[in-house]
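Student: Before anything else, here's the structure in question.
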Amino acid sequence: MPDTIVILDFGSQYTQLIARRVRELHVYSELLPWDAPAERALALHPKGWILSGGPASVYEPGAPTLPAYVLESGLPVLGICYGMQLITQAMGGRVVPAGQREYGPATIHTLSENPLLPHGDHSVWMSHGDRIEALPPGFVALASTSNSPFAAMSSADGRYYGLQFHPEVHHTPGGKEILRRFVVEICGAHPDWTPESIIAESVARIRQQVGGERVLAAVSGGVDSSVATALVHRAVGDQLSAVFVDTGMLRLHEREQVERAFRQNLGLELVTVNAVEEFLDRLEGVTDPEQKRRVIGETFIRIFEAEARRLGQPPFLVQGTIYPDVVESSGPDRNKAQKIKSHHNVGGLPPDMQFQLVEPLRYLFKDEVRAVGEALGLPAELVWRQPFPGPGLAVRCLGEITWDRLERLRAADAIFTGELEAAGLLNQRLADEPGQIAQAFAVLLPVRSVGVMGDSRTYQEAVVLRAVTTEDFMTADWARLPADLLARVANRIVNEVQGVNRVTYDITSKPPATIEWE
Ligand code: XMP
């Protein structure tokens, strides 16, 4: 068990970021809802606690409270925003409405030498509606702003710390050092959570779960299923059968890349099922987006079931579930969004199949999944892929899906993403930096327009280019791409892709649009 920091989630939009920042320090952290049972939190044997921010006010009836086990544990506690206010209230200080919500950048000045904050001025990010009017007895202010005398505080015994600002966000440049001081120096956690230790621990856990039984994996070409499969292969070798279904909805050269990665890099006997014809047959005449998704999901399950039977029905199935999926389905009332699109995870779990799940990425963030993938020897082109929807190009090929139209889309998409990569603009290693392109692709419209090529009239289809910046894919903005890059891409597509005579750039944000067109 690695040294662990437990983060109690009081509902802030930044809670997952806190966990990621701690993990970036190579210390394992786990997120628990603030009202998780004490046994669950204590079973993790934490070295310290972080209390997240949250939207409530500590003085409101029914507001989330500070669990007694945190106070009784004797371990260091860092409260951020709402977390700081909880500590204040619990230890006898006073929290009141701020009158005006403070949101945005601020500068704090440290007031004394202390173990948490490097001495001096720091730019920080504030976001709070309440303020601390009186510190608890025995607490001292560590920093102030022109607005607030208590921008940071600690108890005299050095056990409790509070920050009014958010050290976890990019807008607090010194935040990582503050968290490091808390986690490594104050809590004494050893920074030994590395890709190698993650692999060693996962391998042991997988072997224990699976024993000598057979395991099945569905590889989709996506990062998560690839890394999960590679980890299980490292753990149980030939007991694993990995199946890759070519749906015909893949990107240019994707099938070859996946086959090469698994067969050559990992020495794994990947079974490729060529199901292109079956998918195209079943999609014939289907133009409704939801119907497309249903047909693809069902067809995938049918093919996968047949493959599982052929392989003697292994009792275990690998799933690429990652930590944000786990947290989001168990956290406080978030993401109870209305269904906009049904997300069939092609390559995911057939709902009525009888498998025991092996989920080796269940506690990993995406950046950790990538680091583990690289450490396992998967190629960078696979590990650093941009996100790709389960139904693949089907949701970008508007109107009826035919082989010719898919080929057209594939060619246009490869030109666009290739030019972005060549310009250094589509780099997933930087995807967390503000303003970086998170996803970019081409869409083929079932609309023809008139053009002129040489001396002849053309009447052909239109391609849309879509490139977005986003932090969480829930909202997104269109990327401000350089005009000359767009010009080059448009020119190349019209010249090189048969059947396309017009290229447009999508300048709608999400909302009101979505990232994909279907
Ligand atoms: P939207 O279009 O909903 O997309 O703004 C948000 C993110 O989700 C991806 N996406 C999907 N992923 N199955 C998936 O696994 C799907 O059916 C699906 N539809 C959209 C999309 O690529 C974007 O990253």
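Letters for chains follow the order of the structure tokens (A, B, ...), residue numbers begin at 1 for each chain, and ligand numbers begin at 1 in the order shown.
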When DSSP works through the backbone of this structure, what residues of range 186-332 of chain A end up as strand (DSSP E), shown as a VMD selection string?

Tutor: chain A and resid 215 to 219 240 to 246 271 to 274 316 to 318

Student: When you look at Leu465 in chain A with a cut-off of 7 Å (counting only C-alpha atoms), what residues show up, excluding the ones that are within fewer than 2 positions of it in the same chain? I need them as a PDB file with all heavy atoms, in the first residue's frame.

Tutor:
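Output contents, as saved in result-v2.pdb:
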```pdb
ATOM      1  N   PHE A 441     -10.789  17.182 -35.574  1.00  0.00           N
ATOM      2  CA  PHE A 441     -11.160  16.140 -36.532  1.00  0.00           C
ATOM      3  C   PHE A 441     -11.948  16.748 -37.684  1.00  0.00           C
ATOM      4  O   PHE A 441     -12.339  17.917 -37.631  1.00  0.00           O
ATOM      5  CB  PHE A 441     -11.993  15.041 -35.854  1.00  0.00           C
ATOM      6  CG  PHE A 441     -13.169  15.564 -35.053  1.00  0.00           C
ATOM      7  CD1 PHE A 441     -14.387  15.814 -35.666  1.00  0.00           C
ATOM      8  CD2 PHE A 441     -13.038  15.823 -33.693  1.00  0.00           C
ATOM      9  CE1 PHE A 441     -15.474  16.286 -34.938  1.00  0.00           C
ATOM     10  CE2 PHE A 441     -14.120  16.304 -32.942  1.00  0.00           C
ATOM     11  CZ  PHE A 441     -15.333  16.536 -33.574  1.00  0.00           C
ATOM     12  N   ALA A 442     -12.167  15.931 -38.708  1.00  0.00           N
ATOM     13  CA  ALA A 442     -12.995  16.365 -39.826  1.00  0.00           C
ATOM     14  C   ALA A 442     -14.360  15.695 -39.739  1.00  0.00           C
ATOM     15  O   ALA A 442     -14.505  14.615 -39.167  1.00  0.00           O
ATOM     16  CB  ALA A 442     -12.317  15.999 -41.142  1.00  0.00           C
ATOM     17  N   VAL A 443     -15.355  16.357 -40.291  1.00  0.00           N
ATOM     18  CA  VAL A 443     -16.723  15.843 -40.358  1.00  0.00           C
ATOM     19  C   VAL A 443     -17.138  15.901 -41.825  1.00  0.00           C
ATOM     20  O   VAL A 443     -16.811  16.883 -42.513  1.00  0.00           O
ATOM     21  CB  VAL A 443     -17.673  16.727 -39.513  1.00  0.00           C
ATOM     22  CG1 VAL A 443     -19.120  16.272 -39.634  1.00  0.00           C
ATOM     23  CG2 VAL A 443     -17.242  16.766 -38.053  1.00  0.00           C
ATOM     24  N   VAL A 463     -16.760  19.295 -46.329  1.00  0.00           N
ATOM     25  CA  VAL A 463     -16.099  18.833 -45.109  1.00  0.00           C
ATOM     26  C   VAL A 463     -16.084  19.978 -44.107  1.00  0.00           C
ATOM     27  O   VAL A 463     -15.841  21.127 -44.470  1.00  0.00           O
ATOM     28  CB  VAL A 463     -14.660  18.378 -45.417  1.00  0.00           C
ATOM     29  CG1 VAL A 463     -13.788  18.396 -44.165  1.00  0.00           C
ATOM     30  CG2 VAL A 463     -14.662  16.987 -46.036  1.00  0.00           C
ATOM     31  N   ALA A 467     -12.131  21.885 -34.296  1.00  0.00           N
ATOM     32  CA  ALA A 467     -11.013  21.831 -33.340  1.00  0.00           C
ATOM     33  C   ALA A 467     -11.449  22.597 -32.109  1.00  0.00           C
ATOM     34  O   ALA A 467     -11.940  23.719 -32.217  1.00  0.00           O
ATOM     35  CB  ALA A 467      -9.755  22.449 -33.931  1.00  0.00           C
ATOM     36  N   THR A 504     -15.247  23.938 -44.591  1.00  0.00           N
ATOM     37  CA  THR A 504     -15.658  25.021 -43.686  1.00  0.00           C
ATOM     38  C   THR A 504     -15.068  24.760 -42.303  1.00  0.00           C
ATOM     39  O   THR A 504     -14.679  23.631 -41.989  1.00  0.00           O
ATOM     40  CB  THR A 504     -17.190  25.108 -43.553  1.00  0.00           C
ATOM     41  OG1 THR A 504     -17.642  23.943 -42.844  1.00  0.00           O
ATOM     42  CG2 THR A 504     -17.866  25.155 -44.908  1.00  0.00           C
ATOM     43  N   TYR A 505     -15.009  25.794 -41.479  1.00  0.00           N
ATOM     44  CA  TYR A 505     -14.488  25.656 -40.114  1.00  0.00           C
ATOM     45  C   TYR A 505     -15.618  25.952 -39.131  1.00  0.00           C
ATOM     46  O   TYR A 505     -16.327  26.944 -39.263  1.00  0.00           O
ATOM     47  CB  TYR A 505     -13.309  26.616 -39.905  1.00  0.00           C
ATOM     48  CG  TYR A 505     -12.597  26.390 -38.583  1.00  0.00           C
ATOM     49  CD1 TYR A 505     -12.171  25.113 -38.212  1.00  0.00           C
ATOM     50  CD2 TYR A 505     -12.352  27.445 -37.706  1.00  0.00           C
ATOM     51  CE1 TYR A 505     -11.529  24.894 -37.013  1.00  0.00           C
ATOM     52  CE2 TYR A 505     -11.693  27.239 -36.498  1.00  0.00           C
ATOM     53  CZ  TYR A 505     -11.284  25.958 -36.155  1.00  0.00           C
ATOM     54  OH  TYR A 505     -10.649  25.736 -34.968  1.00  0.00           O
ATOM     55  N   ASP A 506     -15.769  25.052 -38.163  1.00  0.00           N
ATOM     56  CA  ASP A 506     -16.865  25.144 -37.202  1.00  0.00           C
ATOM     57  C   ASP A 506     -16.480  26.126 -36.082  1.00  0.00           C
ATOM     58  O   ASP A 506     -15.532  25.887 -35.344  1.00  0.00           O
ATOM     59  CB  ASP A 506     -17.106  23.728 -36.641  1.00  0.00           C
ATOM     60  CG  ASP A 506     -18.254  23.670 -35.659  1.00  0.00           C
ATOM     61  OD1 ASP A 506     -18.742  24.733 -35.235  1.00  0.00           O
ATOM     62  OD2 ASP A 506     -18.665  22.543 -35.316  1.00  0.00           O
TER      63      ASP A 506
END
```

Student: Would you please extract all helix (DSSP H, G or I) residues from range 392-427 of chain A, as assigned by DSSP on the backbone, and give them as number ranges by chain?

Tutor: A: 392-396, 403-422

Student: Under the rule that only C-alpha atoms are counted, which of A:Asp432, A:Met153, A:Asn501, A:Ala275 is the nearest residue to Ser456 in chain A?

Tutor: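 Checking each candidate against Ser456 in chain A, we get A:Asn501 as the closest.
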
Student: Expressed in Å to a single decimal, how great is the separation between CA of Pro360 in chain A and CA of His233 in chain A?

Tutor: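 Here the two named atoms are 11.2 Å from each other.
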
Student: Which residues, written as a list in words, have at least one atom at most 12 Å from Asp281 in chain A, with only C-alpha atoms counted and residues fewer than 3 positions away on the same chain left out?

Tutor: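 Non-adjacent residues within range: Thr247, Gly248, Ala275, Val276, Glu277, Glu278, Glu284, Gly285, Val286, Val295, Ile296, Thr299, Glu400, Ile401, Thr402 and Trp403 of chain A.
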
Student: Give me a file of those residues, with all heavy atoms, as a CSV table (one decimal), in the first residue's frame.

Tutor:
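part-v1.csv was written with the following content:
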```csv
chain,number,residue,atom,x,y,z
A,247,THR,N,-14.4,-2.2,-37.2
A,247,THR,CA,-15.8,-1.8,-37.6
A,247,THR,C,-15.9,-1.1,-38.9
A,247,THR,O,-16.9,-0.8,-39.4
A,247,THR,CB,-16.3,-0.9,-36.5
A,247,THR,OG1,-15.4,0.3,-36.5
A,247,THR,CG2,-16.3,-1.5,-35.1
A,248,GLY,N,-14.7,-0.7,-39.4
A,248,GLY,CA,-14.7,0.1,-40.7
A,248,GLY,C,-14.8,1.6,-40.3
A,248,GLY,O,-14.8,2.4,-41.2
A,275,ALA,N,-14.9,-6.9,-39.4
A,275,ALA,CA,-16.4,-6.9,-39.4
A,275,ALA,C,-16.9,-5.8,-40.2
A,275,ALA,O,-18.0,-5.3,-40.1
A,275,ALA,CB,-16.9,-6.9,-38.0
A,276,VAL,N,-16.1,-5.2,-41.1
A,276,VAL,CA,-16.4,-4.0,-41.8
A,276,VAL,C,-17.7,-4.3,-42.6
A,276,VAL,O,-18.7,-3.4,-42.5
A,276,VAL,CB,-15.3,-3.6,-42.8
A,276,VAL,CG1,-15.7,-2.4,-43.6
A,276,VAL,CG2,-14.0,-3.3,-42.0
A,277,GLU,N,-17.8,-5.4,-43.3
A,277,GLU,CA,-19.0,-5.6,-44.1
A,277,GLU,C,-20.3,-5.7,-43.3
A,277,GLU,O,-21.3,-5.2,-43.6
A,277,GLU,CB,-18.8,-6.9,-45.0
A,277,GLU,CG,-18.3,-6.6,-46.3
A,277,GLU,CD,-18.3,-7.8,-47.2
A,277,GLU,OE1,-19.3,-8.5,-47.3
A,277,GLU,OE2,-17.2,-8.0,-47.8
A,278,GLU,N,-20.1,-6.4,-42.2
A,278,GLU,CA,-21.3,-6.6,-41.3
A,278,GLU,C,-21.8,-5.2,-40.8
A,278,GLU,O,-23.0,-5.0,-40.8
A,278,GLU,CB,-21.0,-7.6,-40.2
A,278,GLU,CG,-22.1,-7.8,-39.2
A,278,GLU,CD,-22.0,-9.0,-38.4
A,278,GLU,OE1,-21.0,-9.7,-38.5
A,278,GLU,OE2,-22.9,-9.2,-37.5
A,284,GLU,N,-26.9,0.2,-43.4
A,284,GLU,CA,-27.4,0.6,-44.7
A,284,GLU,C,-28.7,1.4,-44.5
A,284,GLU,O,-29.6,0.9,-43.8
A,284,GLU,CB,-27.6,-0.6,-45.6
A,284,GLU,CG,-27.6,-0.1,-47.0
A,284,GLU,CD,-27.8,-1.3,-48.0
A,284,GLU,OE1,-27.2,-2.4,-47.7
A,284,GLU,OE2,-28.6,-1.2,-48.9
A,285,GLY,N,-28.8,2.6,-45.0
A,285,GLY,CA,-30.0,3.4,-44.9
A,285,GLY,C,-30.2,4.1,-43.6
A,285,GLY,O,-31.2,4.8,-43.4
A,286,VAL,N,-29.3,3.9,-42.6
A,286,VAL,CA,-29.5,4.5,-41.3
A,286,VAL,C,-28.9,5.9,-41.3
A,286,VAL,O,-27.7,6.0,-41.6
A,286,VAL,CB,-28.9,3.6,-40.2
A,286,VAL,CG1,-29.0,4.3,-38.8
A,286,VAL,CG2,-29.5,2.2,-40.1
A,295,VAL,N,-27.2,0.7,-33.5
A,295,VAL,CA,-26.9,-0.4,-34.4
A,295,VAL,C,-25.4,-0.7,-34.2
A,295,VAL,O,-25.1,-1.9,-34.1
A,295,VAL,CB,-27.1,0.1,-35.9
A,295,VAL,CG1,-26.4,-0.9,-36.9
A,295,VAL,CG2,-28.5,0.3,-36.2
A,296,ILE,N,-24.6,0.3,-34.0
A,296,ILE,CA,-23.1,0.0,-33.8
A,296,ILE,C,-22.9,-0.8,-32.5
A,296,ILE,O,-22.2,-1.8,-32.5
A,296,ILE,CB,-22.3,1.3,-33.9
A,296,ILE,CG1,-22.3,1.7,-35.4
A,296,ILE,CG2,-20.9,1.1,-33.4
A,296,ILE,CD1,-21.6,3.0,-35.6
A,299,THR,N,-24.3,-4.4,-32.9
A,299,THR,CA,-23.4,-5.2,-33.8
A,299,THR,C,-22.1,-5.6,-33.1
A,299,THR,O,-21.7,-6.7,-33.2
A,299,THR,CB,-23.2,-4.4,-35.1
A,299,THR,OG1,-24.4,-3.9,-35.6
A,299,THR,CG2,-22.5,-5.3,-36.1
A,400,GLU,N,-26.0,9.0,-44.6
A,400,GLU,CA,-25.8,7.5,-44.7
A,400,GLU,C,-24.3,7.2,-44.8
A,400,GLU,O,-23.5,7.9,-45.4
A,400,GLU,CB,-26.5,7.0,-46.0
A,400,GLU,CG,-26.6,5.5,-45.9
A,400,GLU,CD,-27.3,4.8,-47.1
A,400,GLU,OE1,-27.9,5.6,-47.9
A,400,GLU,OE2,-27.3,3.6,-47.1
A,401,ILE,N,-24.0,6.1,-44.1
A,401,ILE,CA,-22.6,5.7,-44.0
A,401,ILE,C,-22.3,4.7,-45.1
A,401,ILE,O,-22.9,3.6,-45.2
A,401,ILE,CB,-22.3,5.1,-42.6
A,401,ILE,CG1,-22.5,6.1,-41.6
A,401,ILE,CG2,-20.9,4.5,-42.6
A,401,ILE,CD1,-22.4,5.6,-40.2
A,402,THR,N,-21.4,5.0,-46.0
A,402,THR,CA,-21.0,4.1,-47.1
A,402,THR,C,-19.5,4.0,-47.0
A,402,THR,O,-18.8,4.9,-46.5
A,402,THR,CB,-21.4,4.6,-48.5
A,402,THR,OG1,-20.7,5.8,-48.8
A,402,THR,CG2,-22.9,4.8,-48.6
A,403,TRP,N,-18.9,3.0,-47.6
A,403,TRP,CA,-17.5,2.8,-47.6
A,403,TRP,C,-16.8,4.0,-48.3
A,403,TRP,O,-15.8,4.6,-47.7
A,403,TRP,CB,-17.1,1.5,-48.3
A,403,TRP,CG,-15.6,1.3,-48.2
A,403,TRP,CD1,-14.7,1.4,-49.2
A,403,TRP,CD2,-14.8,1.0,-47.0
A,403,TRP,NE1,-13.4,1.2,-48.7
A,403,TRP,CE2,-13.5,0.9,-47.4
A,403,TRP,CE3,-15.1,0.9,-45.6
A,403,TRP,CZ2,-12.4,0.7,-46.5
A,403,TRP,CZ3,-14.1,0.6,-44.7
A,403,TRP,CH2,-12.8,0.5,-45.2
```

Student: For each of A:Gly93, A:Pro315, A:Gly211, A:Gly48, take the minimum atom-to-atom distance to Leu71 in chain A, counting only C-alpha atoms, then give the residue where this is smallest.

Tutor: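 Among the listed residues, A:Gly48 lies closest to Leu71 in chain A.
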
Student: Could you give me, as a ChimeraX atom specification, the residues within 9 Å of Pro289 in chain A, counting only C-alpha atoms and dropping anything in the same chain fewer than 6 positions from it?

Tutor: /A:341,394-395,398-399,518

Student: Quick check, in Å to one decimal: how far apart do CA of Glu113 in chain A and CA of Arg101 in chain A lie?

Tutor: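 Separation of CA of Glu113 in chain A and CA of Arg101 in chain A: 29.2 Å.
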